[in-house]
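Data from start.txt: compact mmCIF, C-alpha atoms
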# COMPACT_ATOMS: atom_id res chain seq x y z
CA MET S 1 0.00 0.00 0.00
CA ASN S 2 1.50 3.30 -0.99
CA GLN S 3 1.54 6.55 0.92
CA LYS S 4 -1.43 8.00 -0.94
CA ARG S 5 -3.74 5.09 -0.21
CA LYS S 6 -2.77 5.15 3.45
CA LEU S 7 -3.68 8.82 3.66
CA ILE S 8 -7.05 8.24 2.04
CA VAL S 9 -7.93 5.26 4.23
CA GLY S 10 -6.74 7.14 7.32
CA GLY S 11 -8.81 10.17 6.38
CA ILE S 12 -11.94 8.08 5.92
CA VAL S 13 -11.43 6.34 9.27
CA ILE S 14 -10.98 9.69 11.05
CA ALA S 15 -14.03 11.20 9.34
CA GLY S 16 -16.11 8.13 10.17
CA ALA S 17 -15.04 8.27 13.81
CA LEU S 18 -15.84 11.99 13.97
CA THR S 19 -19.28 11.43 12.50
CA TYR S 20 -19.99 8.66 14.99
CA MET S 21 -18.80 10.81 17.91
CA ILE S 22 -21.02 13.71 16.88
CA TYR S 23 -23.95 11.35 16.39
CA ALA S 24 -23.48 9.58 19.73
CA GLY S 25 -22.76 12.81 21.61
CA VAL S 26 -25.74 14.72 20.30
CA THR S 27 -28.06 11.75 20.77
CA GLN S 28 -27.18 11.39 24.43
CA SER S 29 -26.92 14.99 25.57
CA ALA S 30 -28.70 17.49 23.40
CA VAL S 31 -32.44 17.03 23.07
CA TYR S 32 -34.20 19.71 21.08
CA PHE S 33 -37.38 19.45 23.14
CA VAL S 34 -38.69 17.46 26.09
CA THR S 35 -42.09 15.79 26.12
CA PRO S 36 -44.79 16.45 28.73
CA ALA S 37 -44.00 13.08 30.35
CA GLU S 38 -40.33 13.99 30.68
CA LEU S 39 -41.16 17.40 32.10
CA ARG S 40 -43.60 15.86 34.59
CA ALA S 41 -40.95 13.39 35.71
CA ALA S 42 -38.56 16.10 36.91
CA PRO S 43 -39.99 19.63 36.68
CA VAL S 44 -37.65 22.44 37.77
CA PRO S 45 -39.49 25.74 38.37
CA GLY S 46 -37.89 28.69 36.57
CA LYS S 47 -35.76 26.51 34.29
CA ALA S 48 -35.99 27.20 30.56
CA TYR S 49 -37.40 24.31 28.53
CA ARG S 50 -38.43 23.54 25.02
CA LEU S 51 -41.59 21.47 25.29
CA GLY S 52 -43.03 19.49 22.41
CA GLY S 53 -46.41 17.76 22.16
CA MET S 54 -49.92 17.80 20.78
CA VAL S 55 -52.54 20.41 21.63
CA VAL S 56 -55.35 18.43 23.26
CA PRO S 57 -58.61 18.92 21.31
CA GLY S 58 -61.13 20.97 23.31
CA SER S 59 -58.51 22.47 25.63
CA LEU S 60 -57.66 25.61 23.64
CA LYS S 61 -58.91 28.93 25.07
CA TRP S 62 -58.06 32.22 23.38
CA GLU S 63 -58.92 35.71 24.60
CA PRO S 64 -58.28 37.98 21.58
CA ARG S 65 -58.67 41.18 23.63
CA SER S 66 -56.04 40.40 26.25
CA LEU S 67 -54.08 37.95 24.00
CA ASP S 68 -54.35 35.34 26.74
CA LEU S 69 -53.92 31.85 25.37
CA SER S 70 -54.24 28.64 27.35
CA PHE S 71 -54.29 25.00 26.35
CA THR S 72 -53.15 21.53 27.38
CA LEU S 73 -50.17 19.86 25.73
CA SER S 74 -50.02 16.07 25.59
CA ASP S 75 -47.62 13.38 24.40
CA GLY S 76 -50.14 10.56 24.78
CA THR S 77 -49.01 9.62 28.29
CA ALA S 78 -48.85 12.88 30.25
CA THR S 79 -50.32 16.37 29.91
CA VAL S 80 -49.08 19.84 30.83
CA PRO S 81 -51.24 22.97 31.19
CA VAL S 82 -49.80 25.87 29.19
CA ARG S 83 -50.35 29.63 29.31
CA HIS S 84 -49.11 32.15 26.80
CA LYS S 85 -49.57 35.82 26.01
CA GLY S 86 -49.48 36.65 22.30
CA THR S 87 -50.62 35.49 18.90
CA PRO S 88 -49.77 31.92 17.86
CA PRO S 89 -48.72 31.03 14.27
CA ASP S 90 -51.49 30.23 11.77
CA LEU S 91 -50.85 26.50 11.79
CA PHE S 92 -51.20 26.28 15.56
CA GLY S 93 -54.42 24.60 16.63
CA GLU S 94 -56.16 21.78 18.47
CA GLY S 95 -55.04 18.27 17.55
CA ARG S 96 -51.82 19.61 16.04
CA GLY S 97 -48.19 19.44 17.09
CA ALA S 98 -46.43 22.36 18.76
CA VAL S 99 -43.02 23.12 20.23
CA LEU S 100 -42.97 25.74 22.98
CA GLU S 101 -40.16 27.74 24.51
CA GLY S 102 -40.72 28.87 28.07
CA SER S 103 -40.40 27.76 31.66
CA TRP S 104 -42.15 25.69 34.27
CA THR S 105 -43.72 27.79 37.02
CA ALA S 106 -44.08 26.98 40.68
CA ASP S 107 -47.86 27.44 40.22
CA GLY S 108 -47.99 24.23 38.20
CA TYR S 109 -48.26 25.43 34.62
CA PHE S 110 -45.88 25.98 31.70
CA LYS S 111 -45.40 29.64 30.81
CA ALA S 112 -44.66 29.73 27.07
CA THR S 113 -42.75 32.69 25.64
CA LEU S 114 -42.68 31.35 22.06
CA ILE S 115 -45.09 29.01 20.29
CA MET S 116 -43.90 27.13 17.20
CA ALA S 117 -46.27 24.99 15.15
CA LYS S 118 -44.89 21.59 14.25
CA HIS S 119 -45.83 20.63 10.75
CA SER S 120 -46.43 16.99 9.81
CA GLU S 121 -45.00 15.48 6.63
CA GLU S 122 -48.54 15.07 5.27
CA TYR S 123 -49.54 17.24 2.33
CA LYS S 124 -53.13 17.32 1.12
CA ALA S 125 -55.04 18.64 -1.84
CA PRO S 126 -57.91 20.88 -0.66
CA HIS S 127 -60.70 18.44 -1.57
CA ASP S 128 -59.14 15.73 0.56
CA GLN S 129 -60.83 16.29 3.91
CA SER S 130 -59.32 13.41 5.84
CA GLU S 131 -57.49 14.64 8.92
CA ALA S 132 -53.96 13.35 9.37
CA GLY S 133 -54.18 10.70 12.07
CA TYR S 134 -53.55 11.88 15.61
CA ARG S 135 -51.45 8.78 16.20
CA GLU S 136 -49.45 9.45 13.05
CA LEU S 137 -48.68 12.99 14.19
CA LEU S 138 -47.69 11.79 17.64
CA LYS S 139 -45.25 9.43 15.96
CA THR S 140 -43.54 12.23 14.02
CA LEU S 141 -43.41 14.30 17.20
CA ARG S 142 -41.57 11.73 19.19
CA GLY S 143 -39.23 10.83 16.39
CA GLU S 144 -37.21 7.93 17.69
CA GLY S 145 -37.84 9.45 21.15
CA ARG S 146 -35.01 8.67 23.50
CA MET C 1 -24.50 20.83 -26.98
CA ARG C 2 -24.23 23.81 -24.68
CA ARG C 3 -27.20 25.55 -26.28
CA LEU C 4 -29.25 22.36 -26.15
CA LEU C 5 -28.54 21.96 -22.43
CA GLY C 6 -29.28 25.64 -21.80
CA GLY C 7 -32.56 25.43 -23.71
CA ALA C 8 -33.63 22.25 -21.93
CA THR C 9 -32.81 23.86 -18.56
CA LEU C 10 -34.85 26.95 -19.36
CA ALA C 11 -37.79 24.86 -20.60
CA GLY C 12 -37.57 22.72 -17.44
CA LEU C 13 -37.56 25.73 -15.14
CA VAL C 14 -40.58 27.26 -16.91
CA ALA C 15 -42.42 23.94 -16.73
CA GLY C 16 -41.49 23.73 -13.04
CA LEU C 17 -42.94 27.17 -12.36
CA VAL C 18 -46.14 26.33 -14.24
CA MET C 19 -46.47 23.10 -12.23
CA ALA C 20 -45.75 24.85 -8.92
CA PHE C 21 -48.03 27.85 -9.38
CA GLY C 22 -50.59 26.74 -11.95
CA ILE C 23 -51.22 23.03 -11.76
CA ALA C 24 -50.38 21.96 -8.22
CA PRO C 25 -53.30 22.58 -5.85
CA ARG C 26 -53.34 25.03 -2.97
CA GLU C 27 -52.31 22.82 -0.07
CA ALA C 28 -55.15 22.23 2.40
CA THR C 29 -53.42 22.97 5.72
CA GLN C 30 -50.72 25.52 4.87
CA GLY C 31 -52.23 27.31 1.88
CA ASN C 32 -50.07 28.95 -0.76
CA VAL C 33 -46.98 29.13 1.47
CA GLN C 34 -46.47 25.42 0.81
CA ARG C 35 -45.47 26.25 -2.79
CA ILE C 36 -42.06 27.32 -1.49
CA MET C 37 -41.43 23.58 -1.21
CA TYR C 38 -41.09 23.38 -5.02
CA LEU C 39 -37.99 25.58 -4.68
CA HIS C 40 -36.76 24.41 -1.26
CA VAL C 41 -36.66 20.65 -1.77
CA PRO C 42 -35.09 20.64 -5.29
CA SER C 43 -32.50 23.14 -3.99
CA VAL C 44 -31.39 20.83 -1.22
CA TRP C 45 -31.36 17.93 -3.69
CA VAL C 46 -28.95 19.90 -5.91
CA ALA C 47 -26.81 20.68 -2.85
CA TYR C 48 -26.60 16.96 -1.96
CA LEU C 49 -25.83 16.09 -5.59
CA ALA C 50 -23.19 18.82 -5.86
CA PHE C 51 -21.38 17.74 -2.69
CA GLY C 52 -21.65 14.11 -3.77
CA VAL C 53 -19.88 15.06 -6.99
CA VAL C 54 -17.25 16.92 -4.94
CA LEU C 55 -16.68 13.70 -2.99
CA VAL C 56 -16.26 11.53 -6.09
CA ALA C 57 -14.12 14.08 -7.96
CA SER C 58 -11.91 14.53 -4.87
CA VAL C 59 -11.28 10.79 -4.62
CA VAL C 60 -10.49 10.66 -8.35
CA TYR C 61 -8.10 13.59 -7.97
CA LEU C 62 -6.24 12.01 -5.06
CA VAL C 63 -5.84 8.73 -6.92
CA ARG C 64 -5.11 9.98 -10.45
CA ARG C 65 -3.89 13.56 -9.86
CA ASP C 66 -6.00 14.65 -12.81
CA ASP C 67 -6.52 18.42 -12.83
CA ARG C 68 -9.87 18.05 -14.58
CA ALA C 69 -11.22 16.19 -11.54
CA ASP C 70 -9.96 19.01 -9.32
CA ARG C 71 -11.71 21.64 -11.44
CA LEU C 72 -14.94 19.62 -11.42
CA ALA C 73 -14.80 19.41 -7.60
CA HIS C 74 -14.15 23.15 -7.37
CA ALA C 75 -17.04 24.07 -9.69
CA SER C 76 -19.43 21.63 -8.04
CA ALA C 77 -18.62 22.93 -4.54
CA GLU C 78 -19.40 26.50 -5.63
CA VAL C 79 -22.78 25.49 -7.04
CA GLY C 80 -23.46 23.38 -3.94
CA VAL C 81 -22.81 26.32 -1.61
CA LEU C 82 -25.15 28.48 -3.71
CA PHE C 83 -27.96 25.96 -3.48
CA THR C 84 -27.40 25.27 0.22
CA GLY C 85 -27.79 29.01 0.78
CA LEU C 86 -30.96 28.97 -1.31
CA THR C 87 -32.28 26.04 0.74
CA ILE C 88 -31.68 27.87 4.01
CA ALA C 89 -33.19 31.13 2.74
CA THR C 90 -36.35 29.53 1.32
CA GLY C 91 -36.72 27.35 4.41
CA SER C 92 -36.52 30.39 6.64
CA ILE C 93 -39.11 32.28 4.58
CA TRP C 94 -41.38 29.23 4.82
CA GLY C 95 -40.69 28.76 8.52
CA LYS C 96 -41.88 32.20 9.62
CA PRO C 97 -45.54 31.83 8.57
CA THR C 98 -45.67 28.07 9.13
CA TRP C 99 -43.74 27.45 12.33
CA GLY C 100 -43.93 30.99 13.66
CA THR C 101 -40.16 31.53 13.64
CA TRP C 102 -37.48 32.35 11.08
CA TRP C 103 -34.95 30.13 12.75
CA THR C 104 -34.54 27.57 15.51
CA TRP C 105 -31.56 25.42 16.45
CA ASP C 106 -33.07 22.00 15.88
CA ALA C 107 -30.97 19.15 14.46
CA ARG C 108 -31.95 19.75 10.82
CA LEU C 109 -31.29 23.48 10.81
CA THR C 110 -28.09 23.07 12.82
CA SER C 111 -26.68 20.29 10.65
CA VAL C 112 -27.47 22.13 7.42
CA SER C 113 -25.72 25.23 8.83
CA ILE C 114 -22.64 23.11 9.53
CA LEU C 115 -22.82 21.76 5.98
CA PHE C 116 -22.99 25.31 4.58
CA VAL C 117 -20.07 26.56 6.68
CA MET C 118 -17.87 23.52 5.92
CA TYR C 119 -18.14 24.01 2.16
CA LEU C 120 -17.65 27.76 2.53
CA GLY C 121 -14.47 26.76 4.36
CA TYR C 122 -13.65 24.42 1.49
CA LEU C 123 -13.83 27.31 -1.00
CA LEU C 124 -11.78 29.54 1.34
CA LEU C 125 -9.14 26.84 1.67
CA ARG C 126 -8.87 26.61 -2.11
CA GLY C 127 -8.23 30.32 -2.33
CA MET C 128 -5.78 30.43 0.55
CA VAL C 129 -3.08 27.92 -0.37
CA GLU C 130 -0.42 29.57 -2.53
CA ASP C 131 0.82 26.43 -4.30
CA ARG C 132 -1.92 25.24 -6.67
CA GLU C 133 -1.11 21.54 -6.48
CA ARG C 134 -0.94 21.57 -2.68
CA GLY C 135 -4.17 23.54 -2.48
CA ALA C 136 -5.94 21.02 -4.70
CA ARG C 137 -4.71 18.16 -2.50
CA PHE C 138 -5.89 19.79 0.75
CA ALA C 139 -9.23 20.67 -0.83
CA ALA C 140 -9.69 17.08 -2.01
CA VAL C 141 -9.22 15.77 1.54
CA LEU C 142 -11.69 18.30 2.93
CA GLY C 143 -14.06 17.53 0.05
CA ILE C 144 -14.12 13.91 1.20
CA VAL C 145 -14.40 14.59 4.94
CA ALA C 146 -17.15 17.20 4.57
CA ALA C 147 -19.32 14.73 2.62
CA PHE C 148 -19.98 12.90 5.91
CA ASN C 149 -22.32 15.78 6.73
CA ILE C 150 -24.74 14.88 3.96
CA PRO C 151 -26.28 11.80 5.64
CA LEU C 152 -26.20 13.72 8.93
CA VAL C 153 -28.37 16.46 7.43
CA HIS C 154 -30.70 14.06 5.66
CA PHE C 155 -31.33 11.71 8.59
CA SER C 156 -31.28 14.38 11.31
CA VAL C 157 -35.09 14.54 11.24
CA ILE C 158 -35.30 10.78 11.78
CA TRP C 159 -32.50 10.36 14.34
CA TRP C 160 -33.40 13.29 16.57
CA ARG C 161 -36.41 15.21 17.76
CA THR C 162 -36.72 18.23 15.53
CA LEU C 163 -39.14 21.00 14.67
CA HIS C 164 -38.55 20.19 11.00
CA GLN C 165 -40.87 17.46 9.74
CA PRO C 166 -39.50 14.09 8.54
CA PRO C 167 -39.19 13.45 4.79
CA SER C 168 -42.44 13.07 2.84
CA LEU C 169 -40.85 11.41 -0.18
CA MET C 170 -38.67 8.30 -0.04
CA LYS C 171 -40.15 7.09 3.21
CA PRO C 172 -41.51 3.64 3.91
CA GLY C 173 -45.26 3.18 4.05
CA PRO C 174 -48.06 4.92 2.17
CA GLY C 175 -47.37 8.18 0.36
CA ALA C 176 -47.76 11.39 2.33
CA MET C 177 -48.41 13.48 -0.77
CA PRO C 178 -51.08 13.44 -3.48
CA GLY C 179 -49.76 12.45 -6.92
CA ILE C 180 -50.09 15.94 -8.39
CA ILE C 181 -47.84 17.47 -5.70
CA VAL C 182 -45.28 14.70 -6.25
CA ALA C 183 -45.45 15.34 -10.02
CA ALA C 184 -44.85 19.08 -9.57
CA LEU C 185 -41.90 18.27 -7.30
CA LEU C 186 -40.42 15.80 -9.79
CA VAL C 187 -40.58 18.33 -12.65
CA ASN C 188 -38.69 20.82 -10.48
CA PHE C 189 -36.19 18.13 -9.43
CA ALA C 190 -35.46 17.50 -13.12
CA ALA C 191 -35.22 21.22 -13.95
CA PHE C 192 -32.89 21.94 -11.03
CA THR C 193 -30.72 18.97 -11.93
CA LEU C 194 -30.36 20.34 -15.47
CA LEU C 195 -29.55 23.76 -14.01
CA TYR C 196 -26.86 22.15 -11.86
CA VAL C 197 -25.30 20.38 -14.84
CA TYR C 198 -25.41 23.61 -16.84
CA PHE C 199 -23.76 25.67 -14.10
CA VAL C 200 -21.07 23.09 -13.36
CA THR C 201 -20.11 22.44 -16.98
CA ARG C 202 -19.87 26.20 -17.68
CA ARG C 203 -17.87 26.85 -14.54
CA THR C 204 -15.53 23.92 -15.21
CA VAL C 205 -14.80 25.30 -18.68
CA VAL C 206 -13.99 28.73 -17.21
CA LEU C 207 -11.73 27.19 -14.57
CA GLY C 208 -9.93 25.27 -17.33
CA LEU C 209 -9.38 28.47 -19.32
CA GLU C 210 -8.08 30.21 -16.19
CA ALA C 211 -5.60 27.38 -15.60
CA GLU C 212 -4.48 27.60 -19.25
CA ALA C 213 -3.99 31.34 -18.98
CA GLU C 214 -1.90 30.93 -15.85
CA ALA C 215 0.28 28.23 -17.34
Show me this structure written as structure tokens.
Amino acid sequence: MNQKRKLIVGGIVIAGALTYMIYAGVTQSAVYFVTPAELRAAPVPGKAYRLGGMVVPGSLKWEPRSLDLSFTLSDGTATVPVRHKGTPPDLFGEGRGAVLEGSWTADGYFKATLIMAKHSEEYKAPHDQSEAGYRELLKTLRGEGR
Amino acid sequence: MRRLLGGATLAGLVAGLVMAFGIAPREATQGNVQRIMYLHVPSVWVAYLAFGVVLVASVVYLVRRDDRADRLAHASAEVGVLFTGLTIATGSIWGKPTWGTWWTWDARLTSVSILFVMYLGYLLLRGMVEDRERGARFAAVLGIVAAFNIPLVHFSVIWWRTLHQPPSLMKPGPGAMPGIIVAALLVNFAAFTLLYVYFVTRRTVVLGLEAEAEA
């Protein structure tokens, strides 16, 4: 094996190792959002969280005059009451996914400072009225949930 | 040959626009904003393709020391950076009305940023090394290493929890898109691929002329 080949093989091994380390590191430590069940398991008042889940149908209350928004977020196993002041994005709604930035309060609710609507990978023509399955959406929300 | 390719590219892009704005339906949940997808997804496809070509051309250069492979890698990296930028810009414009934010540091957006910066670095490295042959060698190594980002970007939405939705095409199970939306996407995929080939062949010719002039 000549010098050149050794360099190439070495480079590929190093790059592969780097990729694996990034993958393993990010998987174990950095989680983009926690689920309601994870928040319920160890809630720390005042700590900043990103919380992801589904808006429970029938739980959404919106006061356009005071911009007070309240709803319940669920991951299928646990729920968290959420309060927010402001206007949510257009795609935000009951039975849909959302990722919230905010903090857990000592009063037992999640105070959201930013609401992001999570879009599913389903695209529909307007005449197709079938709602994307709740279960299907939950699946995309959790990803490979670790 | 050049004119034929240019004409086909132009025709493809016009057909893509007609499909995206005329024929594809207004998406039920998102409305017209969803049409950005016909630019966003083909852009990222071209970026993947471009960096894939950089990878192959870099390997060929290291093995054969053929300057044509080096010029192909150089041209392809430039086009790839352009389309990665386009992907990020269109995604951000789509994200504001859809998600409610221009930007968030989830795994997809973070990994695509790393991809963008690495290939910007690749182009910088090419410009920085004084000795042309040495510069080409360094660039080839980086062109191979940086390609490991491509699967990271693509599978980020499957491996990690993200705000970005998982892929709608090329996923197991029933289709997540009506046929007409898929058709509009495919036309734009083809048009953007032609555009990529056109850009890269033109740029490679120019790089060859530059090398000749220097020699």
>> Using all atoms listed in the file and a distance of at most 9 Å, pull out the residues of chain C that contact chain S, as a PyMOL selection string.
In response: chain C and resi 24-31+34+59+62-63+96-101+105-107+141+144-146+148-149+152+157-169+175-178+180-181
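Nearest to S:Val82 of all the residues S:Pro45, S:Gly102, S:Pro57, S:Ala37 is S:Gly102, based on only C-alpha atoms.
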Once 8 Å is added on each side, what are the centre and the three edge lengths, in Å to one decimal, of the axis-aligned box enclosing the listed atoms of stretch 109-119 of chain C? Present them as lines of an AutoDock Vina configuration file.
center_x = -24.6
center_y = 23.4
center_z = 7.5
size_x = 29.4
size_y = 22.3
size_z = 26.7
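What separates atom CA of C:Arg35 from atom CA of C:Gly12 is a distance of 17.0 Å.
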>> List the spatial neighbours of S:Phe110 as a PyMOL selection string - criterion: any atom at most 7 Å away, all atoms listed in the file, same-chain residues fewer than 3 positions off excluded.
In response: chain S and resi 80-83+102-105
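Atom CA of C:Gly85 is positioned 21.5 Å from atom CA of C:Arg71.
The smallest atom-to-atom distance between C:Gly22 and any of C:Ala184, C:Gly127, C:Arg132, C:Gly91, using all atoms listed in the file, is found for C:Ala184.
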> What's the 7 Å shell around stretch 191-201 of chain C, counting all atoms listed in the file, without same-chain residues fewer than 4 positions away, as number ranges by chain?
Replying inline: C: 5-6, 9, 12-13, 16, 42, 46, 75-76, 79, 187, 205
Print the selection's residues with C-alpha atoms to a file, as a PDB file, in the frame of the given file.
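Everything below was put into selection13.pdb:
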ATOM      1  CA  LEU C   5     -28.540  21.960 -22.430  1.00  0.00           C
ATOM      2  CA  GLY C   6     -29.280  25.640 -21.800  1.00  0.00           C
ATOM      3  CA  THR C   9     -32.810  23.860 -18.560  1.00  0.00           C
ATOM      4  CA  GLY C  12     -37.570  22.720 -17.440  1.00  0.00           C
ATOM      5  CA  LEU C  13     -37.560  25.730 -15.140  1.00  0.00           C
ATOM      6  CA  GLY C  16     -41.490  23.730 -13.040  1.00  0.00           C
ATOM      7  CA  PRO C  42     -35.090  20.640  -5.290  1.00  0.00           C
ATOM      8  CA  VAL C  46     -28.950  19.900  -5.910  1.00  0.00           C
ATOM      9  CA  ALA C  75     -17.040  24.070  -9.690  1.00  0.00           C
ATOM     10  CA  SER C  76     -19.430  21.630  -8.040  1.00  0.00           C
ATOM     11  CA  VAL C  79     -22.780  25.490  -7.040  1.00  0.00           C
ATOM     12  CA  VAL C 187     -40.580  18.330 -12.650  1.00  0.00           C
ATOM     13  CA  VAL C 205     -14.800  25.300 -18.680  1.00  0.00           C
TER      14      VAL C 205
END
> atom CA of C:Ala77 and atom CA of C:Leu109 are how many Å apart?
Replying inline: 19.9 Å
>> Can you pull out the residues contacting stretch 71-78 of chain S? Cut-off 6 Å, using only C-alpha atoms, and skip same-chain residues under 4 positions away; I want them as a VMD selection string.
In response: chain S and resid 36 to 37 53 to 56 59 to 60 82
